[in-house]
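Participant: Here you go, one structure.
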Amino acid sequence: MSSSEDQISQRVPQHVAIIMDGNGRWAKAQGLSRLEGHKQGAKRLRDVIRWARDAGVKQVSLYGFSTENWKRPKLEVQGLMALIATMLSLETPKMMEEGARLLALGDISSLPWLVRKALKRAMNTTKGNTSVDVILCLNYGGQQEIIEGIKNFCSTFNTDAEKENALLKLTPESFTTCLNREDILPVDLLIRTGGEKRISNFHLWDAAYAELYFTDTNWPAYSESDLKAALDDYVSRERRFGKTSEQVQGDADE
Ligand code: FPP
């Protein structure tokens with residue numbers, strides 16, 4: 001890659017993670033049920049993924065269902081699960097057309113059978129696609145993910161001495177390999193819609209240096225200009241990764 005291409009690619013976030021909040025409030029404002037809000041929210045996904053891909057984004061993570069969302073009313077949880085399974089089946093041909101590969105994060109094993117089946121089928125069908133990765137986070141919790149990583153790390157040793165030795169050498173990079181996933185890039189930009197300003201247990205590990213962007217737009221109303229505003233704002237940020245501004249400017253001049 002030439003240095004000018006390198007500079008351009010650094011201006012587009014490679015991995016954008018989205019907390020799709022505000023479906024319920026959007027629905028209430030329209031006099032609709034919460035589930036209708038989720039349906040309209042699910043419909044937004046296709047366009048948003050295409051806009052992101054066309055802008056040069058390589059991975060889009062979507063917070064579809066958190067480990068804490070099981071606490072919602074039973075009917076809403078059932079409706080969301082049915083919606084996710086239906087959307088996965090309906091959208092697979094479109095993902096093939098668009099060259100999108102589906103990946104998943106979260107404890108998939110505890111999801112209803114219908115969702116697991118639709119997810120496995122969609123991931124298998126799209127596994128050769130290379131235009132953009134869509135990372136569906138289902139029954140996902142950032143803290144739980146880190147705990148699972150610790151368990152994976154500990155399970156690989158036969159003796160305490162081996163474990164102690166590995167602990168001394170442990171780095172963030174090496175721990176990332178314990179997190180049960182392949183190919184997931186660090187999150188560059190984390191967008192939350194719906195006006196709240198928190199990260200709600202999403203991508204705690206991968207978003208260590210993410211730029212955070214909050215918008216009042218509720219997810220079902222999210223538009224191309226909303227995404228463009230987030231990407232433009234990202235370009236204006238100076239990503240320092242712990243360095244000083246002078247050092248970062250110096251790196252760019254090299
Ligand atoms: C938050 O809005 C949204 C969710 C908990 C679910 C997001 C799910 C979708 C957009 C559909 C998923 C479909 C697929 C295929 C991933 P909220 O209900 O908390 O809204 P509120 O804060 O206004 O009540």
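Naming works like this for the structure tokens: A, B, ... for the chains as they're shown, residue 1 at the start of each chain, ligands 1 onward in shown order.
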Can I get the residues close to ligand 1 as an mmCIF file with N, CA and C atoms, in the first residue's frame, where close means within 7 Å and we count only C-alpha atoms and all ligand atoms?

Facilitator:
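Here's the written file out.cif:
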data_model
loop_
_atom_site.group_PDB
_atom_site.id
_atom_site.type_symbol
_atom_site.label_atom_id
_atom_site.label_comp_id
_atom_site.auth_asym_id
_atom_site.auth_seq_id
_atom_site.Cartn_x
_atom_site.Cartn_y
_atom_site.Cartn_z
ATOM 1 N N MET A 20 -27.829 -0.394 18.426
ATOM 2 C CA MET A 20 -29.021 0.058 17.676
ATOM 3 C C MET A 20 -30.135 0.363 18.666
ATOM 4 N N ASP A 21 -30.047 1.505 19.339
ATOM 5 C CA ASP A 21 -30.986 1.800 20.424
ATOM 6 C C ASP A 21 -32.109 2.715 19.923
ATOM 7 N N GLY A 22 -33.236 2.645 20.628
ATOM 8 C CA GLY A 22 -34.342 3.572 20.356
ATOM 9 C C GLY A 22 -35.488 2.969 19.569
ATOM 10 N N ASN A 23 -35.463 1.645 19.358
ATOM 11 C CA ASN A 23 -36.572 1.015 18.609
ATOM 12 C C ASN A 23 -37.901 1.202 19.337
ATOM 13 N N GLY A 24 -37.873 1.011 20.679
ATOM 14 C CA GLY A 24 -39.096 1.102 21.469
ATOM 15 C C GLY A 24 -39.651 2.523 21.477
ATOM 16 N N ARG A 25 -38.759 3.494 21.686
ATOM 17 C CA ARG A 25 -39.221 4.895 21.734
ATOM 18 C C ARG A 25 -39.730 5.355 20.377
ATOM 19 N N TRP A 26 -39.058 4.903 19.316
ATOM 20 C CA TRP A 26 -39.510 5.258 17.963
ATOM 21 C C TRP A 26 -40.926 4.711 17.740
ATOM 22 N N ARG A 34 -43.751 -2.148 20.531
ATOM 23 C CA ARG A 34 -42.283 -2.219 20.606
ATOM 24 C C ARG A 34 -41.737 -3.186 19.551
ATOM 25 N N HIS A 38 -38.807 -2.928 16.609
ATOM 26 C CA HIS A 38 -37.684 -3.822 16.324
ATOM 27 C C HIS A 38 -37.707 -4.267 14.854
ATOM 28 N N LYS A 39 -38.942 -4.502 14.332
ATOM 29 C CA LYS A 39 -39.043 -4.921 12.911
ATOM 30 C C LYS A 39 -38.510 -3.832 11.998
ATOM 31 N N GLY A 41 -36.475 -1.539 12.838
ATOM 32 C CA GLY A 41 -35.037 -1.466 13.103
ATOM 33 C C GLY A 41 -34.278 -2.513 12.302
ATOM 34 N N ALA A 42 -34.832 -3.720 12.268
ATOM 35 C CA ALA A 42 -34.175 -4.797 11.516
ATOM 36 C C ALA A 42 -34.113 -4.451 10.030
ATOM 37 N N LEU A 62 -23.065 -5.516 15.096
ATOM 38 C CA LEU A 62 -24.412 -5.084 15.472
ATOM 39 C C LEU A 62 -24.812 -5.743 16.784
ATOM 40 N N TYR A 63 -25.234 -4.917 17.735
ATOM 41 C CA TYR A 63 -25.644 -5.443 19.046
ATOM 42 C C TYR A 63 -27.104 -5.865 18.925
ATOM 43 N N GLY A 64 -27.335 -7.099 18.538
ATOM 44 C CA GLY A 64 -28.701 -7.571 18.278
ATOM 45 C C GLY A 64 -29.434 -7.981 19.534
ATOM 46 N N PHE A 65 -28.701 -8.572 20.495
ATOM 47 C CA PHE A 65 -29.345 -9.034 21.731
ATOM 48 C C PHE A 65 -28.261 -9.226 22.781
ATOM 49 N N ASN A 69 -30.553 -8.582 27.892
ATOM 50 C CA ASN A 69 -31.870 -8.413 27.258
ATOM 51 C C ASN A 69 -32.858 -9.543 27.597
ATOM 52 N N LEU A 80 -38.379 -10.909 19.446
ATOM 53 C CA LEU A 80 -37.043 -10.561 18.919
ATOM 54 C C LEU A 80 -36.345 -11.790 18.339
ATOM 55 N N LEU A 83 -37.873 -12.674 15.099
ATOM 56 C CA LEU A 83 -37.483 -11.673 14.092
ATOM 57 C C LEU A 83 -36.047 -11.930 13.601
ATOM 58 N N ILE A 84 -35.162 -12.222 14.537
ATOM 59 C CA ILE A 84 -33.761 -12.454 14.164
ATOM 60 C C ILE A 84 -33.655 -13.683 13.254
ATOM 61 N N MET A 87 -35.142 -12.747 9.825
ATOM 62 C CA MET A 87 -34.277 -11.818 9.080
ATOM 63 C C MET A 87 -33.049 -12.530 8.516
ATOM 64 N N LEU A 88 -32.494 -13.428 9.315
ATOM 65 C CA LEU A 88 -31.291 -14.141 8.860
ATOM 66 C C LEU A 88 -31.602 -14.932 7.593
ATOM 67 N N LEU A 136 -22.751 -10.258 13.920
ATOM 68 C CA LEU A 136 -23.981 -10.194 14.698
ATOM 69 C C LEU A 136 -23.678 -10.614 16.131
ATOM 70 N N GLY A 194 -30.206 6.645 19.519
ATOM 71 C CA GLY A 194 -31.254 6.698 20.544
ATOM 72 C C GLY A 194 -30.968 7.608 21.722
#

Participant: Do a neighbour search on Thr92 (chain A) at 12 Å with only C-alpha atoms, toss out local chain neighbours closer than 5 positions, and write the hits as a PyMOL selection string.

Facilitator: chain A and resi 46+85-87+97-102+118-127+129+134

Participant: Smallest atom-to-atom distance to Thr67 (chain A): which of A:Leu189, A:Leu227, A:Leu111, A:Ile199, using only C-alpha atoms?

Facilitator: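 With only C-alpha atoms as the atom set, the closest residue is A:Leu111.
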
Participant: Give me, as a ChimeraX atom specification, the residues of region 45-226 of chain A that a backbone DSSP run labels strand (DSSP E).

Facilitator: /A:59-66,100-105,132-140,189-192,211-214

Participant: Hey, which of A:Val187, A:Thr171, A:Arg240, A:Ser155 ends up closest to Ala208 (chain A)? Count only C-alpha atoms.

Facilitator: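 Among A:Val187, A:Thr171, A:Arg240, A:Ser155, it is A:Val187 that comes nearest to Ala208 (chain A).
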
Participant: Extract, using only C-alpha atoms, all DNA, RNA and protein residues at most 10 Å from region 178-183 of chain A, discarding same-chain residues fewer than 6 positions from it, and format them as a list in words.

Facilitator: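 Using only C-alpha atoms, the neighbours found are Gln59, Leu103, Ala104, Leu105, Gly106, Asp133, Glu145, Ile146, Ile147, Glu148, Gly149, Ile150, Lys151, Asn152, Phe153, Cys154, Thr156 and Trp205 of chain A.
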
Participant: Mind giving me the straight-line distance from CA of Ser236 (chain A) to CA of Ile19 (chain A) in Å, one decimal?

Facilitator: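 For CA of Ser236 (chain A) relative to CA of Ile19 (chain A), the distance reads 21.5 Å.
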
Participant: Would you mind telling me which residue in A:Gly250, A:Leu45, A:Asp206, A:Trp70 lies nearest to Leu190 (chain A) when using only C-alpha atoms?

Facilitator: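 Nearest to Leu190 (chain A): A:Asp206.
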
Participant: Given only C-alpha atoms as the basis, pick out the residue of A:Lys228, A:Arg237, A:Lys58, A:Arg50 nearest to Val132 (chain A).

Facilitator: A:Lys58

Participant: How far is it from CA of Leu35 (chain A) to CA of Leu90 (chain A), in Å with one decimal?

Facilitator: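 So the two atoms, CA of Leu35 (chain A) and CA of Leu90 (chain A), lie 17.9 Å apart.
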
Participant: Using only C-alpha atoms, which residue out of A:Leu138, A:Lys197, A:Leu231, A:Lys169 lies closest to Gly56 (chain A)?

Facilitator: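 Comparing A:Leu138, A:Lys197, A:Leu231, A:Lys169 against Gly56 (chain A), the winner is A:Leu231.
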
Participant: If I take CA of Ala17 (chain A) and CA of Val248 (chain A), how far is one from the other in Å, to one decimal?

Facilitator: 24.4 Å

Participant: Show me, as a list in words, the residues that have an atom within 8 Å of Asp226 (chain A) when counting only C-alpha atoms, minus same-chain residues fewer than 4 positions from it.

Facilitator: Thr217, Tyr222 and Ala230 of chain A

Participant: Point out the residue among A:Glu164, A:Glu224, A:Asp188, A:Asp216 with the least atom-to-atom distance to Glu238 (chain A), counting only C-alpha atoms.

Facilitator: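 Among the listed residues, the smallest separation from Glu238 (chain A) belongs to A:Asp188.
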